[in-house]
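Q: Have a peek at coords15.cif (mmCIF, C-alpha atoms (C1' of nucleotides)).
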```cif
data_query
#
loop_
_atom_site.group_PDB
_atom_site.id
_atom_site.type_symbol
_atom_site.label_atom_id
_atom_site.label_comp_id
_atom_site.auth_asym_id
_atom_site.auth_seq_id
_atom_site.Cartn_x
_atom_site.Cartn_y
_atom_site.Cartn_z
ATOM 1 C CA MET U 148 0.000 0.000 0.000
ATOM 2 C CA PRO U 149 2.501 2.540 -1.125
ATOM 3 C CA GLU U 150 2.244 6.118 -0.063
ATOM 4 C CA LEU U 151 5.253 7.962 1.306
ATOM 5 C CA PRO U 152 5.510 6.027 4.615
ATOM 6 C CA GLU U 153 5.396 2.612 2.943
ATOM 7 C CA VAL U 154 7.990 3.569 0.354
ATOM 8 C CA GLU U 155 10.195 4.967 3.108
ATOM 9 C CA ALA U 156 9.851 1.665 4.987
ATOM 10 C CA TRP U 157 11.005 -0.210 1.880
ATOM 11 C CA ARG U 158 13.872 2.226 1.437
ATOM 12 C CA LYS U 159 15.017 1.405 4.968
ATOM 13 C CA LEU U 160 14.531 -2.306 4.325
ATOM 14 C CA ALA U 161 16.718 -2.105 1.236
ATOM 15 C CA GLU U 162 19.347 -0.023 3.041
ATOM 16 C CA GLN U 163 19.559 -2.589 5.830
ATOM 17 C CA HIS U 164 19.792 -5.596 3.564
ATOM 18 C CA VAL U 165 21.732 -4.506 0.503
ATOM 19 C CA ARG U 166 23.697 -1.322 1.120
ATOM 20 C CA GLY U 167 27.337 -1.809 0.225
ATOM 21 C CA LYS U 168 26.685 -5.152 -1.462
ATOM 22 C CA THR U 169 27.086 -6.155 -5.095
ATOM 23 C CA ILE U 170 24.336 -7.504 -7.330
ATOM 24 C CA ILE U 171 25.616 -10.791 -8.695
ATOM 25 C CA LYS U 172 22.458 -11.971 -10.415
ATOM 26 C CA VAL U 173 19.238 -10.357 -11.647
ATOM 27 C CA THR U 174 16.047 -12.286 -12.270
ATOM 28 C CA VAL U 175 13.204 -10.634 -14.182
ATOM 29 C CA ARG U 176 9.766 -11.605 -15.386
ATOM 30 C CA LYS U 177 8.752 -10.277 -18.782
ATOM 31 C CA ASP U 178 6.350 -7.369 -18.398
ATOM 32 C CA GLU U 179 6.184 -4.687 -21.064
ATOM 33 C CA ILE U 180 4.168 -2.340 -18.850
ATOM 34 C CA ILE U 181 6.332 -2.407 -15.731
ATOM 35 C CA PHE U 182 9.522 -2.271 -17.791
ATOM 36 C CA ASP U 183 8.076 0.046 -20.456
ATOM 37 C CA GLN U 184 9.224 -0.491 -24.063
ATOM 38 C CA LYS U 185 12.701 -1.287 -22.893
ATOM 39 C CA SER U 186 13.283 -4.952 -22.525
ATOM 40 C CA HIS U 187 13.361 -6.471 -19.105
ATOM 41 C CA THR U 188 16.455 -8.367 -20.157
ATOM 42 C CA ALA U 189 18.351 -5.170 -20.988
ATOM 43 C CA TRP U 190 17.422 -3.814 -17.554
ATOM 44 C CA ALA U 191 18.672 -6.986 -15.897
ATOM 45 C CA ARG U 192 21.922 -6.879 -17.835
ATOM 46 C CA ALA U 193 22.522 -3.262 -16.847
ATOM 47 C CA CYS U 194 21.979 -3.980 -13.147
ATOM 48 C CA LYS U 195 24.188 -7.027 -12.906
ATOM 49 C CA GLY U 196 27.505 -6.367 -11.210
ATOM 50 C CA LEU U 197 26.483 -3.048 -9.652
ATOM 51 C CA ALA U 198 27.400 -2.203 -6.084
ATOM 52 C CA VAL U 199 24.667 -0.435 -4.106
ATOM 53 C CA ASN U 200 26.012 2.727 -2.484
ATOM 54 C CA GLU U 201 22.750 4.104 -1.168
ATOM 55 C CA VAL U 202 18.977 3.696 -1.414
ATOM 56 C CA CYS U 203 17.106 6.954 -2.007
ATOM 57 C CA ARG U 204 13.508 8.141 -2.073
ATOM 58 C CA LYS U 205 11.497 11.182 -3.011
ATOM 59 C CA GLY U 206 7.738 11.087 -2.661
ATOM 60 C CA LYS U 207 6.607 7.620 -3.712
ATOM 61 C CA HIS U 208 9.637 7.100 -5.974
ATOM 62 C CA LEU U 209 12.617 4.969 -4.946
ATOM 63 C CA TRP U 210 15.983 4.432 -6.566
ATOM 64 C CA MET U 211 19.391 2.995 -5.801
ATOM 65 C CA ASP U 212 22.630 4.869 -6.217
ATOM 66 C CA CYS U 213 24.913 2.266 -7.739
ATOM 67 C CA GLY U 214 28.311 1.968 -9.342
ATOM 68 C CA ASP U 215 31.468 4.048 -9.265
ATOM 69 C CA PRO U 216 31.806 7.826 -9.355
ATOM 70 C CA GLY U 217 31.701 8.918 -12.977
ATOM 71 C CA ALA U 218 29.987 5.697 -13.995
ATOM 72 C CA LYS U 219 26.913 5.645 -11.824
ATOM 73 C CA VAL U 220 23.733 3.782 -12.654
ATOM 74 C CA PHE U 221 20.402 4.184 -10.864
ATOM 75 C CA PRO U 222 17.874 1.343 -10.823
ATOM 76 C CA TYR U 223 14.484 2.974 -10.194
ATOM 77 C CA PHE U 224 11.207 1.615 -8.816
ATOM 78 C CA HIS U 225 7.664 2.914 -8.595
ATOM 79 C CA PHE U 226 5.209 0.762 -6.683
ATOM 80 C CA GLY U 227 1.929 1.916 -8.164
ATOM 81 C CA MET U 228 -1.064 0.713 -6.157
ATOM 82 C CA SER U 229 0.107 -2.774 -5.307
ATOM 83 C CA GLY U 230 3.874 -3.005 -5.552
ATOM 84 C CA ALA U 231 6.258 -3.919 -2.729
ATOM 85 C CA PHE U 232 9.845 -4.780 -1.855
ATOM 86 C CA HIS U 233 10.722 -7.988 -0.044
ATOM 87 C CA ALA U 234 14.052 -9.132 1.369
ATOM 88 C CA TYR U 235 14.712 -12.855 1.742
ATOM 89 C CA ARG U 236 17.308 -15.539 1.158
ATOM 90 C CA ASP U 237 15.280 -18.486 -0.061
ATOM 91 C CA GLU U 238 13.929 -18.733 -3.606
ATOM 92 C CA SER U 239 10.769 -20.292 -2.213
ATOM 93 C CA GLU U 240 9.768 -16.776 -1.126
ATOM 94 C CA ARG U 241 9.126 -15.938 -4.767
ATOM 95 C CA ASP U 242 5.561 -15.807 -6.034
ATOM 96 C CA LYS U 243 3.932 -15.300 -9.395
ATOM 97 C CA TYR U 244 3.855 -11.512 -8.981
ATOM 98 C CA LEU U 245 7.618 -11.173 -8.615
ATOM 99 C CA LYS U 246 8.790 -8.892 -11.426
ATOM 100 C CA ALA U 247 12.421 -8.364 -10.524
ATOM 101 C CA GLU U 248 14.897 -9.788 -8.039
ATOM 102 C CA PHE U 249 18.458 -8.864 -7.158
ATOM 103 C CA LEU U 250 20.707 -11.553 -5.700
ATOM 104 C CA PHE U 251 23.687 -10.275 -3.707
ATOM 105 C CA GLU U 252 27.007 -11.947 -3.080
ATOM 106 C CA ASP U 253 26.084 -12.956 0.477
ATOM 107 C CA GLY U 254 22.873 -14.706 -0.578
ATOM 108 C CA THR U 255 20.509 -11.846 0.243
ATOM 109 C CA ARG U 256 17.708 -11.348 -2.257
ATOM 110 C CA LEU U 257 15.678 -8.209 -2.789
ATOM 111 C CA GLY U 258 12.466 -8.682 -4.752
ATOM 112 C CA TYR U 259 10.079 -6.224 -6.386
ATOM 113 C CA ARG U 260 6.606 -7.681 -6.705
ATOM 114 C CA ASN U 261 3.462 -6.138 -8.116
ATOM 115 C CA ALA U 262 0.140 -7.898 -8.562
ATOM 116 C CA ARG U 263 -1.450 -5.190 -10.657
ATOM 117 C CA ARG U 264 0.679 -3.931 -13.494
ATOM 118 C CA ILE U 265 0.461 -0.298 -12.463
ATOM 119 C CA GLY U 266 4.019 0.628 -11.513
ATOM 120 C CA ALA U 267 7.416 1.046 -13.097
ATOM 121 C CA VAL U 268 10.939 -0.337 -13.074
ATOM 122 C CA ARG U 269 13.501 1.725 -14.955
ATOM 123 C CA LEU U 270 17.105 2.764 -15.154
ATOM 124 C CA LEU U 271 17.869 6.428 -14.531
ATOM 125 C CA THR U 272 21.044 8.366 -15.250
ATOM 126 C CA ASP U 273 20.482 11.444 -13.081
ATOM 127 C CA PRO U 274 17.464 10.834 -10.824
ATOM 128 C CA LEU U 275 16.879 14.279 -9.325
ATOM 129 C CA SER U 276 17.072 16.165 -12.594
ATOM 130 C CA GLU U 277 15.188 13.795 -14.864
ATOM 131 C CA GLU U 278 11.546 12.796 -15.042
ATOM 132 C CA PRO U 279 9.564 11.659 -13.240
ATOM 133 C CA ILE U 280 11.398 12.748 -10.085
ATOM 134 C CA SER U 281 12.317 16.208 -11.383
ATOM 135 C CA LYS U 282 8.627 17.096 -11.639
ATOM 136 C CA LEU U 283 7.837 16.362 -8.002
ATOM 137 C CA GLY U 284 7.107 19.013 -5.408
ATOM 138 C CA PHE U 285 8.545 18.953 -1.903
ATOM 139 C CA ASP U 286 8.829 15.736 0.076
ATOM 140 C CA PRO U 287 7.016 16.453 3.353
ATOM 141 C CA PHE U 288 9.180 14.046 5.329
ATOM 142 C CA LEU U 289 12.524 15.307 4.064
ATOM 143 C CA ASN U 290 11.840 18.974 3.310
ATOM 144 C CA LEU U 291 8.706 20.579 4.643
ATOM 145 C CA PRO U 292 8.605 24.192 3.372
ATOM 146 C CA SER U 293 8.014 27.238 5.539
ATOM 147 C CA LEU U 294 4.394 28.192 6.083
ATOM 148 C CA ALA U 295 4.711 30.950 3.477
ATOM 149 C CA ASP U 296 6.129 28.643 0.818
ATOM 150 C CA PHE U 297 3.651 25.918 1.693
ATOM 151 C CA SER U 298 0.684 28.272 1.425
ATOM 152 C CA ALA U 299 1.527 30.308 -1.671
ATOM 153 C CA PRO U 300 0.710 27.707 -4.332
ATOM 154 C CA LEU U 301 -2.410 26.526 -2.510
ATOM 155 C CA ARG U 302 -4.117 29.875 -2.107
ATOM 156 C CA LYS U 303 -3.765 30.602 -5.808
ATOM 157 C CA ARG U 304 -5.749 27.627 -6.933
ATOM 158 C CA ARG U 305 -9.402 27.057 -7.575
ATOM 159 C CA ALA U 306 -9.454 23.298 -7.083
ATOM 160 C CA PRO U 307 -10.741 21.425 -4.022
ATOM 161 C CA ILE U 308 -8.069 21.096 -1.354
ATOM 162 C CA LYS U 309 -8.432 17.317 -1.530
ATOM 163 C CA SER U 310 -7.291 17.361 -5.184
ATOM 164 C CA MET U 311 -4.401 19.671 -4.417
ATOM 165 C CA LEU U 312 -3.118 17.411 -1.638
ATOM 166 C CA LEU U 313 -3.013 14.539 -4.126
ATOM 167 C CA ASP U 314 -1.038 16.622 -6.629
ATOM 168 C CA GLN U 315 2.529 15.244 -6.591
ATOM 169 C CA LYS U 316 3.825 18.504 -8.067
ATOM 170 C CA PHE U 317 2.774 20.119 -4.786
ATOM 171 C CA ALA U 318 3.538 17.595 -2.042
ATOM 172 C CA ALA U 319 5.274 14.434 -3.220
ATOM 173 C CA GLY U 320 4.204 11.304 -1.397
ATOM 174 C CA VAL U 321 0.736 12.246 -0.160
ATOM 175 C CA GLY U 322 -1.833 9.717 -1.342
ATOM 176 C CA ASN U 323 -5.512 9.123 -0.850
ATOM 177 C CA TRP U 324 -5.704 8.040 2.774
ATOM 178 C CA ILE U 325 -3.063 10.531 3.947
ATOM 179 C CA ALA U 326 -4.928 13.382 2.261
ATOM 180 C CA ASP U 327 -8.157 12.348 4.015
ATOM 181 C CA GLU U 328 -6.347 12.002 7.337
ATOM 182 C CA ILE U 329 -4.783 15.458 7.013
ATOM 183 C CA LEU U 330 -8.118 17.105 6.197
ATOM 184 C CA TYR U 331 -9.908 15.326 9.029
ATOM 185 C CA GLN U 332 -7.322 16.254 11.637
ATOM 186 C CA ALA U 333 -7.024 19.800 10.282
ATOM 187 C CA LYS U 334 -10.832 20.097 10.367
ATOM 188 C CA ILE U 335 -11.145 21.231 6.763
ATOM 189 C CA HIS U 336 -13.924 20.366 4.322
ATOM 190 C CA PRO U 337 -12.361 18.382 1.443
ATOM 191 C CA ARG U 338 -14.228 20.429 -1.173
ATOM 192 C CA LYS U 339 -13.000 23.746 0.148
ATOM 193 C CA LEU U 340 -11.095 25.554 -2.641
ATOM 194 C CA GLY U 341 -7.476 26.609 -2.293
ATOM 195 C CA ILE U 342 -8.329 30.298 -2.581
ATOM 196 C CA GLU U 343 -10.857 29.956 0.242
ATOM 197 C CA LEU U 344 -8.394 28.667 2.831
ATOM 198 C CA SER U 345 -7.761 30.909 5.814
ATOM 199 C CA GLU U 346 -4.361 31.525 7.344
ATOM 200 C CA ALA U 347 -5.290 29.338 10.310
ATOM 201 C CA GLU U 348 -6.421 26.524 8.019
ATOM 202 C CA LEU U 349 -3.216 26.621 5.990
ATOM 203 C CA LYS U 350 -1.239 26.462 9.203
ATOM 204 C CA ARG U 351 -3.193 23.440 10.430
ATOM 205 C CA LEU U 352 -2.842 21.768 7.044
ATOM 206 C CA ARG U 353 0.937 22.092 7.130
ATOM 207 C CA SER U 354 1.372 20.931 10.703
ATOM 208 C CA LYS U 355 -0.979 17.952 10.288
ATOM 209 C CA MET U 356 0.747 16.928 7.083
ATOM 210 C CA LYS U 357 3.997 16.852 9.017
ATOM 211 C CA SER U 358 2.757 15.081 12.137
ATOM 212 C CA ILE U 359 0.810 12.413 10.237
ATOM 213 C CA ILE U 360 3.671 11.596 7.906
ATOM 214 C CA ASP U 361 6.308 11.685 10.651
ATOM 215 C CA LYS U 362 4.229 9.369 12.805
ATOM 216 C CA SER U 363 3.509 6.857 10.073
ATOM 217 C CA VAL U 364 7.176 6.814 9.041
ATOM 218 C CA ALA U 365 8.191 6.363 12.690
ATOM 219 C CA VAL U 366 6.110 3.187 12.946
ATOM 220 C CA ASP U 367 7.396 1.939 9.564
ATOM 221 C CA ALA U 368 3.953 2.357 8.001
ATOM 222 C CA ASP U 369 2.587 -0.374 10.268
ATOM 223 C CA LYS U 370 -1.146 0.372 10.256
ATOM 224 C CA ALA U 371 -1.718 -1.441 13.536
ATOM 225 C CA ARG U 372 0.529 1.107 15.229
ATOM 226 C CA PHE U 373 -1.217 4.189 13.874
ATOM 227 C CA PRO U 374 -2.936 6.129 16.672
ATOM 228 C CA LYS U 375 -6.433 4.816 17.408
ATOM 229 C CA THR U 376 -7.885 8.290 16.936
ATOM 230 C CA TRP U 377 -6.950 8.388 13.255
ATOM 231 C CA LEU U 378 -9.706 8.355 10.666
ATOM 232 C CA PHE U 379 -7.566 5.809 8.797
ATOM 233 C CA HIS U 380 -8.857 2.878 10.831
ATOM 234 C CA TYR U 381 -12.465 3.630 9.965
ATOM 235 C CA ARG U 382 -12.125 4.858 6.385
ATOM 236 C CA TRP U 383 -9.865 2.037 5.168
ATOM 237 C CA GLY U 384 -11.999 -0.398 3.260
ATOM 238 C CA LYS U 385 -15.027 1.468 4.601
ATOM 239 C CA THR U 386 -14.956 -0.580 7.788
ATOM 240 C CA ALA U 387 -17.155 1.641 9.915
ATOM 241 C CA GLU U 388 -20.006 4.096 9.775
ATOM 242 C CA THR U 389 -18.473 6.345 12.396
ATOM 243 C CA THR U 390 -15.137 7.289 13.954
ATOM 244 C CA ALA U 391 -14.047 6.175 17.426
ATOM 245 C CA LYS U 392 -15.871 9.197 18.801
ATOM 246 C CA GLY U 393 -19.096 8.219 17.046
ATOM 247 C CA GLU U 394 -18.825 10.925 14.388
ATOM 248 C CA PRO U 395 -20.604 9.818 11.184
ATOM 249 C CA ILE U 396 -18.282 9.313 8.197
ATOM 250 C CA GLU U 397 -19.345 10.323 4.713
ATOM 251 C CA PHE U 398 -17.927 8.916 1.478
ATOM 252 C CA ASP U 399 -17.813 11.113 -1.639
ATOM 253 C CA ARG U 400 -15.939 11.216 -4.886
ATOM 254 C CA ILE U 401 -13.562 14.199 -4.890
ATOM 255 C CA GLY U 402 -10.530 14.707 -7.093
ATOM 256 C CA GLY U 403 -11.341 11.443 -8.809
ATOM 257 C CA ARG U 404 -10.903 9.458 -5.583
ATOM 258 C CA THR U 405 -13.134 8.108 -2.885
ATOM 259 C CA THR U 406 -12.936 10.626 -0.074
ATOM 260 C CA ALA U 407 -13.845 9.801 3.508
ATOM 261 C CA TRP U 408 -14.679 12.780 5.666
ATOM 262 C CA VAL U 409 -16.561 13.760 8.785
ATOM 263 C CA PRO U 410 -19.132 16.496 8.158
ATOM 264 C CA SER U 411 -19.572 17.297 11.846
ATOM 265 C CA VAL U 412 -15.866 18.136 12.172
ATOM 266 C CA GLN U 413 -14.875 19.344 8.705
ATOM 267 C CA THR U 414 -17.033 22.372 8.125
ATOM 268 C "C1'" DC P 245 -20.838 -11.113 -12.267
ATOM 269 C "C1'" DT P 246 -19.842 -6.389 -10.743
ATOM 270 C "C1'" DC P 247 -17.198 -2.978 -8.828
ATOM 271 C "C1'" DA P 248 -13.910 -0.444 -5.936
ATOM 272 C "C1'" DG P 249 -9.010 0.151 -5.016
ATOM 273 C "C1'" DT P 250 -3.080 2.658 -1.814
ATOM 274 C "C1'" DG P 251 -1.379 5.971 -8.250
ATOM 275 C "C1'" DT P 252 -0.348 8.382 -12.481
ATOM 276 C "C1'" DT P 253 -1.160 10.145 -16.999
ATOM 277 C "C1'" DC P 254 -3.490 11.951 -20.714
ATOM 278 C "C1'" DA P 255 -7.512 13.569 -23.407
ATOM 279 C "C1'" DG P 256 -11.091 16.727 -23.132
ATOM 280 C "C1'" DT P 257 -13.388 20.967 -21.466
ATOM 281 C "C1'" DG P 258 -13.960 25.850 -20.562
ATOM 282 C "C1'" DT X 170 -1.481 27.844 -22.969
ATOM 283 C "C1'" DC X 171 -3.663 27.281 -18.511
ATOM 284 C "C1'" DA X 172 -6.448 25.132 -14.840
ATOM 285 C "C1'" DC X 173 -9.090 21.633 -13.878
ATOM 286 C "C1'" DT X 174 -11.957 17.159 -14.451
ATOM 287 C "C1'" DG X 175 -12.604 12.533 -15.385
ATOM 288 C "C1'" DA X 176 -11.518 8.362 -17.685
ATOM 289 C "C1'" DA X 177 -8.242 4.874 -18.486
ATOM 290 C "C1'" DC X 178 -4.771 1.704 -17.205
ATOM 291 C "C1'" DA X 179 -4.462 -3.926 -15.038
ATOM 292 C "C1'" DC X 180 -5.767 -7.091 -11.986
ATOM 293 C "C1'" DT X 181 -7.332 -8.836 -7.375
ATOM 294 C "C1'" DG X 182 -10.611 -9.576 -3.997
ATOM 295 C "C1'" DA X 183 -14.957 -8.566 -1.709
#
```
Transcribe the structure of this file into C-alpha cells.

A:
Amino acid sequence: MPELPEVEAWRKLAEQHVRGKTIIKVTVRKDEIIFDQKSHTAWARACKGLAVNEVCRKGKHLWMDCGDPGAKVFPYFHFGMSGAFHAYRDESERDKYLKAEFLFEDGTRLGYRNARRIGAVRLLTDPLSEEPISKLGFDPFLNLPSLADFSAPLRKRRAPIKSMLLDQKFAAGVGNWIADEILYQAKIHPRKLGIELSEAELKRLRSKMKSIIDKSVAVDADKARFPKTWLFHYRWGKTAETTAKGEPIEFDRIGGRTTAWVPSVQT
DNA sequence: CTCAGTGTTCAGTG
DNA sequence: TCACTGAACACTGA
C-alpha cells in the first residue's frame, strides 16, 4: 500500500539488507508495462555487477545509487497501487507476482513484486534532474517548506483542497488516505477551494501533514501502530459508519478518488 | 458477475 | 497555454 511512509519503509529495508553489497544476479519476469518499451532483459543486464552505495527516495519514488563515481547507474522503482519490496534468502519466497529480483554476493535477495501492473521499473542516469522525479514538489518528510512557501501555491488555486493534496507537483508522497487524514485532523472540508483557505487553516494543514507523515514513518507504516484516533482505521476499506468518537463518516468522490470525511468536524 | 481500489497520466473541457 | 476534471490503465478480492 505505497504512499510515502510505505515507500520509506522499503527504502530502509533495502538499506539494511543490501547497502554496500554487489548484485551478482538479476532475475526478471517479462512485463512490457512495468519495464516500459525497454526490454526487461536489458534492464537486468545493466543492473548485474552493480554495487549499491545508497537507497534513495522522493515522494513515492525509490531508486538505488549504484556503481562508481563517474559511472553511476540508478535502478528505479515505482510501486503503483500494489507493488512492494521484499528481502529474503530463499527462492521459495518468490511468487507469481515477482517482477524483478536482485541476488547479492552474500545470498541476500531483494524482490520487487506487483500484482497489478500499475508501476514502473527503470534505469535512470540522473534521478533528481530527470523525469519523473524532477517534476515532483517537496517531500514532506525530508523537506517541509516554511508556512509561506507551503501556502503560496495553494491559495492561488481554484481546485478542491483534496485534489491539491493529491497533486505530486505540490507535495510528493501524499496519497488518498493521507490526504483524508490530514483534512480530518485539520478540520477542513475536502471540497473547500485553495483560494478559500484561511491563514489558520493553511497552518493546520501544514502541521498535520507533518505530524501524520512523521508518525507513520516512525512506525514503519505499520497500520496497527497508527494512533487509534486516526480516521484511517475507519475509512480504510469502509470498515465503519463512524469514527471512534461516534462521528458519522461520509464517502464522496472528490478529485477522482473516494474521499472519507466527517461532516460534523470538517465544516 | 460487478465494482472499488493505496497511483499516475493523458484527453477533453472551458 | 492554462487550470481543472474525469476516464483509463491492469488485476485482485470482496

Q: For this file, the PyMOL selection byres ((chain U) within 7 of (chain P)) selects which residues, as a PyMOL selection string?

A: chain U and resi 148-150+227-228+323

Q: How close does chain U get to chain X? List, as JSON lines, each residue of chain U within 9 Å, its nearest atom pair and the distance in Å to one decimal, counting all atoms listed in the file.

A:
```
{"residue": "U:Ala262", "atom": "CA", "partner": "X:DC180", "partner_atom": "C1'", "distance": 6.9}
{"residue": "U:Arg263", "atom": "CA", "partner": "X:DC180", "partner_atom": "C1'", "distance": 4.9}
{"residue": "U:Arg264", "atom": "CA", "partner": "X:DA179", "partner_atom": "C1'", "distance": 5.4}
{"residue": "U:Ile265", "atom": "CA", "partner": "X:DA179", "partner_atom": "C1'", "distance": 6.6}
{"residue": "U:Arg304", "atom": "CA", "partner": "X:DA172", "partner_atom": "C1'", "distance": 8.3}
{"residue": "U:Arg305", "atom": "CA", "partner": "X:DA172", "partner_atom": "C1'", "distance": 8.1}
{"residue": "U:Ala306", "atom": "CA", "partner": "X:DC173", "partner_atom": "C1'", "distance": 7.0}
{"residue": "U:Gly402", "atom": "CA", "partner": "X:DT174", "partner_atom": "C1'", "distance": 7.9}
{"residue": "U:Gly403", "atom": "CA", "partner": "X:DG175", "partner_atom": "C1'", "distance": 6.8}
```

Q: Name every residue that the PyMOL selection byres ((chain U and resi 358-366) around 12) selects in this structure, writing the answer as a ChimeraX atom specification with chains first and numbers rising.

A: /U:149-159,206,286-291,318-322,324-333,351-357,367-374,376-379

Q: Show me, as a list in words, the residues that have an atom within 6 Å of Asn261 in chain U when counting all atoms listed in the file, minus same-chain residues fewer than 3 positions from it.

A: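 Near Asn261 in chain U, the qualifying residues are Ser229, Gly230 and Tyr244 of chain U.
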
Q: Name the residues captured by the PyMOL selection byres ((chain U and resi 250) around 7) when it is applied to the shown file; answer as JSON, numbers by chain.

A: {"U": [170, 171, 172, 173, 248, 249, 251, 252, 254, 255, 256, 257]}

Q: Return the single residue from U:Val165, U:Leu313, U:Ile280, U:Ala347 that is closest to Arg404 in chain U, with distances computed using only C-alpha atoms.

A: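 Ranking U:Val165, U:Leu313, U:Ile280, U:Ala347 by distance to Arg404 in chain U, first place goes to U:Leu313.
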
Q: Padding of 8 Å on every side, edges along x, y and z, all listed atoms of range 253-256 of chain P included: what centre and edge lengths in Å, to one decimal, does that box have, as lines of an AutoDock Vina configuration file?

A:
```
center_x = -6.1
center_y = 13.4
center_z = -20.2
size_x = 25.9
size_y = 22.6
size_z = 22.4
```

Q: Measuring between all atoms listed in the file, which one of U:Phe297, U:Lys177, U:Ile396, U:Lys205 shows the shortest distance to Leu245 in chain U?

A: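 Among the listed residues, U:Lys177 lies closest to Leu245 in chain U.
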
Q: Rounded to one decimal, what separation in Å do you get between CA of Lys316 in chain U and CA of Pro300 in chain U?

A: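 The value is 10.4 Å.
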
Q: If we count all atoms listed in the file, what is near Ala193 in chain U at a cut-off of 10 Å, once residues fewer than 2 positions away on the same chain are taken out, given as a PyMOL selection string?

A: chain U and resi 173+187-191+195-197+220-222+270

Q: I'd like to know which of U:Glu162, U:Glu348, U:Glu394, U:Asp212 is closest to Ser298 in chain U, using only C-alpha atoms.

A: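 Once distances to Ser298 in chain U are computed over only C-alpha atoms, the minimum belongs to U:Glu348.
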
Q: What gap, in Å, lies between CA of Asp314 in chain U and CA of Thr386 in chain U?

A: 26.4 Å

Q: Rounded to one decimal in Å, what is the spacing between CA of Lys243 in chain U and CA of Ala231 in chain U?

A: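 Value for the CA of Lys243 in chain U-CA of Ala231 in chain U distance: 13.4 Å.
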
Q: Might you pull out every residue within 12 Å of Pro279 in chain U, with all atoms listed in the file counted and same-chain residues fewer than 3 positions away left off, and present them as a PDB file with C-alpha atoms (C1' of nucleotides), in the coordinates of the input?

A:
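Wrote it out as part.pdb, contents follow:
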```
ATOM      1  CA  LYS U 205      11.497  11.182  -3.011  1.00  0.00           C
ATOM      2  CA  GLY U 206       7.738  11.087  -2.661  1.00  0.00           C
ATOM      3  CA  LYS U 207       6.607   7.620  -3.712  1.00  0.00           C
ATOM      4  CA  HIS U 208       9.637   7.100  -5.974  1.00  0.00           C
ATOM      5  CA  LEU U 209      12.617   4.969  -4.946  1.00  0.00           C
ATOM      6  CA  TRP U 210      15.983   4.432  -6.566  1.00  0.00           C
ATOM      7  CA  TYR U 223      14.484   2.974 -10.194  1.00  0.00           C
ATOM      8  CA  PHE U 224      11.207   1.615  -8.816  1.00  0.00           C
ATOM      9  CA  HIS U 225       7.664   2.914  -8.595  1.00  0.00           C
ATOM     10  CA  ALA U 267       7.416   1.046 -13.097  1.00  0.00           C
ATOM     11  CA  ARG U 269      13.501   1.725 -14.955  1.00  0.00           C
ATOM     12  CA  LEU U 270      17.105   2.764 -15.154  1.00  0.00           C
ATOM     13  CA  LEU U 271      17.869   6.428 -14.531  1.00  0.00           C
ATOM     14  CA  ASP U 273      20.482  11.444 -13.081  1.00  0.00           C
ATOM     15  CA  PRO U 274      17.464  10.834 -10.824  1.00  0.00           C
ATOM     16  CA  LEU U 275      16.879  14.279  -9.325  1.00  0.00           C
ATOM     17  CA  SER U 276      17.072  16.165 -12.594  1.00  0.00           C
ATOM     18  CA  LYS U 282       8.627  17.096 -11.639  1.00  0.00           C
ATOM     19  CA  LEU U 283       7.837  16.362  -8.002  1.00  0.00           C
ATOM     20  CA  GLY U 284       7.107  19.013  -5.408  1.00  0.00           C
ATOM     21  CA  GLN U 315       2.529  15.244  -6.591  1.00  0.00           C
ATOM     22  CA  LYS U 316       3.825  18.504  -8.067  1.00  0.00           C
ATOM     23  CA  ALA U 319       5.274  14.434  -3.220  1.00  0.00           C
TER      24      ALA U 319
ATOM     25  C1'  DT P 252      -0.348   8.382 -12.481  1.00  0.00           C
ATOM     26  C1'  DT P 253      -1.160  10.145 -16.999  1.00  0.00           C
TER      27       DT P 253
END
```
